[in-house]
Amino acid sequence: MSLCDREWKAHPLTMELDDMPELVLSPRDNMFTLQYAALDMADNTDITYAYMLEGLEDNWKSVESQRSVTYTNLKKGDYIFKVRSTNSDGVWVENTRSLRITVSPSFWETGWAFSLYALGLCLLMAVITCIFFVIYRLRNKVFMEQQIADIKLRFFANISHELRTPLTLIVGPVEKSLQKDLSKDVRGDLMLVKDNANRMLRLVNQLLDFRKIQNQRMKLKVCEVDLPAFIPVVMASFKELAIRQRIDFCFETELESLRIWVDRDKLETILFNLIANAFKFTPSEKSIVVTLKDEPGKVCIGVRDEGVGIEPDKQNLIFSRFETAMEKNLFNLPNTGIGLSLVKELVELHHGNITVDSKPGQGTCFSVYLQKGKEHYSEESVEWIISDFEVEEDPSPETLCKSLR
């Protein structure tokens with residue numbers, strides 16, 4: 001008995017199939033036909049054949065005189081094709097022929113592929129682990145920063161409580177002494193004591209306000225304020241400083257009157273911090289301008305200087321707590337890193353927003369936008385305070401006017 005091959009287009013045979021010890025097929029050659037024939041010189045018309053493919057079939061299949069078999073979609077693996085026949089008298093004889101057939105696996109089914117899968121899975125697990133580790137570190141870092149900030153604030157708040165009373169006791173007698181007839185030198189020294197005591201007292205109050213905002217215990221005391229009259233009063237505190245540093249300090253507005261509902265003390269803190277910040281970074285012979293503009297539904301208060309400016313990569317940090325845009329200012333004035341952060345918190349308490357526009361070497365402009373009206377305030381977060389203009393004989397609670405100062 002011999003095995004014969006048919007024409008193989010995609011996988012040509014290198015020798016006669018009958019002489020091959022093994023037939024190796026690629027994954028795409030898993031459909032093939034084998035032909036076989038028994039050599040009987042007497043009469044081969046009555047010969048019966050039987051075949052079996054070990055690994056796929058368990059029993060012999062008798063196919064009478066059929067001399068070919070086709071297999072399709074064989075899975076990867078090793079097989080043994082066996083065929084036998086009868087003689088011309090119909091008697092089975094010992095003429096079994098065998099052919100080992102191997103269907104090669106696809107690349108994704110090979111050991112190399114599974115090694116790559118394992119490597120990819122390990123890399124994926126490593127990346128996921130790294131991501132979770134980074135997230136954990138970032139969360140832990142944020143938590144630790146919050147804890148450190150809380151510790152700082154608690155410490156400063158505790159110190160502030162201890163400092164406020166003695167500072168108040170210093171300012172009172174100094175102001176009383178300034179009302180007396182004093183020499184120029186003594187008056188100058190007392191004014192210096194008063195200015196520095198007030199600066200420290202203002203810083204103490206800012207720290208306490210910061211702590212209240214953090215604990216969500218800050219409640220605005222809202223009254224109606226005339227901005228064109230109010231802003232120059234705040235600016236007057238910097239008149240002597242502007243003269244001493246030779247800085248052109250002015251207020252620009254086209255408005256004669258513009259009333260909005262704000263917390264007077266908190267607005268004073270906002271303006272004071274922005275102006276003080278401008279003086280820290282503005283050299284002599286330059287200018288600082290405070291502007292007031294009326295816009296639809298809101299007002300804009302700007303503080304523009306011709307100072308050193310802020311680098312673009314630091315502009316997002318200036319409103320962060322305990323962060324400073326520059327390590328050192330021009331006049332070595334106190335720089336705690338809480339002024340602008342407090343300004344932002346106070347502006348947001350008023351449901352407003354603050355922006356910064358700065359170019360290194362050209363200057364910086366801070367713009368505070370506050371809403372008109374009072375509908376944006378909730379009754380739970382504010383106390384309505386009587387303002388300082390005259391009232392009608394039968395005033396409503398919204399128009400009562402009485403000075404609190």
# chains A, B, ... in the order shown; residues from 1 in each chain; ligands from 1
call {"tool": "residues_around", "arguments": {"residues": "A:Trp60", "least_positions_apart": "6", "cutoff": "7 Å", "atoms": "only C-alpha atoms", "output": "PDB file with all heavy atoms, in the first residue's frame"}}
result
ATOM      1  N   ALA A  50      -9.894   0.891   4.849  1.00  0.00           N
ATOM      2  CA  ALA A  50     -10.303   1.431   6.156  1.00  0.00           C
ATOM      3  C   ALA A  50      -9.193   2.362   6.648  1.00  0.00           C
ATOM      4  O   ALA A  50      -8.008   2.082   6.428  1.00  0.00           O
ATOM      5  CB  ALA A  50     -10.567   0.320   7.155  1.00  0.00           C
ATOM      6  N   TYR A  51      -9.580   3.449   7.290  1.00  0.00           N
ATOM      7  CA  TYR A  51      -8.571   4.398   7.782  1.00  0.00           C
ATOM      8  C   TYR A  51      -8.976   4.908   9.157  1.00  0.00           C
ATOM      9  O   TYR A  51     -10.128   4.772   9.595  1.00  0.00           O
ATOM     10  CB  TYR A  51      -8.389   5.567   6.810  1.00  0.00           C
ATOM     11  CG  TYR A  51      -9.600   6.471   6.698  1.00  0.00           C
ATOM     12  CD1 TYR A  51      -9.795   7.516   7.617  1.00  0.00           C
ATOM     13  CD2 TYR A  51     -10.542   6.290   5.686  1.00  0.00           C
ATOM     14  CE1 TYR A  51     -10.907   8.324   7.514  1.00  0.00           C
ATOM     15  CE2 TYR A  51     -11.652   7.104   5.584  1.00  0.00           C
ATOM     16  CZ  TYR A  51     -11.833   8.127   6.504  1.00  0.00           C
ATOM     17  OH  TYR A  51     -12.932   8.917   6.417  1.00  0.00           O
ATOM     18  N   MET A  52      -8.002   5.527   9.813  1.00  0.00           N
ATOM     19  CA  MET A  52      -8.232   6.095  11.143  1.00  0.00           C
ATOM     20  C   MET A  52      -7.172   7.163  11.390  1.00  0.00           C
ATOM     21  O   MET A  52      -6.005   6.974  11.041  1.00  0.00           O
ATOM     22  CB  MET A  52      -8.149   5.012  12.220  1.00  0.00           C
ATOM     23  CG  MET A  52      -8.321   5.558  13.657  1.00  0.00           C
ATOM     24  SD  MET A  52      -8.331   4.249  14.902  1.00  0.00           S
ATOM     25  CE  MET A  52      -6.668   3.595  14.682  1.00  0.00           C
TER      26      MET A  52
END
call {"tool": "atom_distance", "arguments": {"atom1": "atom CA of A:Phe143", "atom2": "atom CA of A:Val204"}}
result
26.1 Å
call {"tool": "closest_residue", "arguments": {"among": "A:Ala37, A:Met125, A:Cys250, A:Val24", "to": "A:Val234", "atoms": "only C-alpha atoms"}}
result
A:Cys250
call {"tool": "residues_around", "arguments": {"residues": "A:Lys82", "least_positions_apart": "3", "cutoff": "8 Å", "atoms": "only C-alpha atoms", "output": "ChimeraX atom specification"}}
result
/A:51-54,96-99
call {"tool": "closest_residue", "arguments": {"among": "A:Asp185, A:Asp357, A:Glu285, A:Glu162", "to": "A:Arg244", "atoms": "only C-alpha atoms"}}
result
A:Glu285
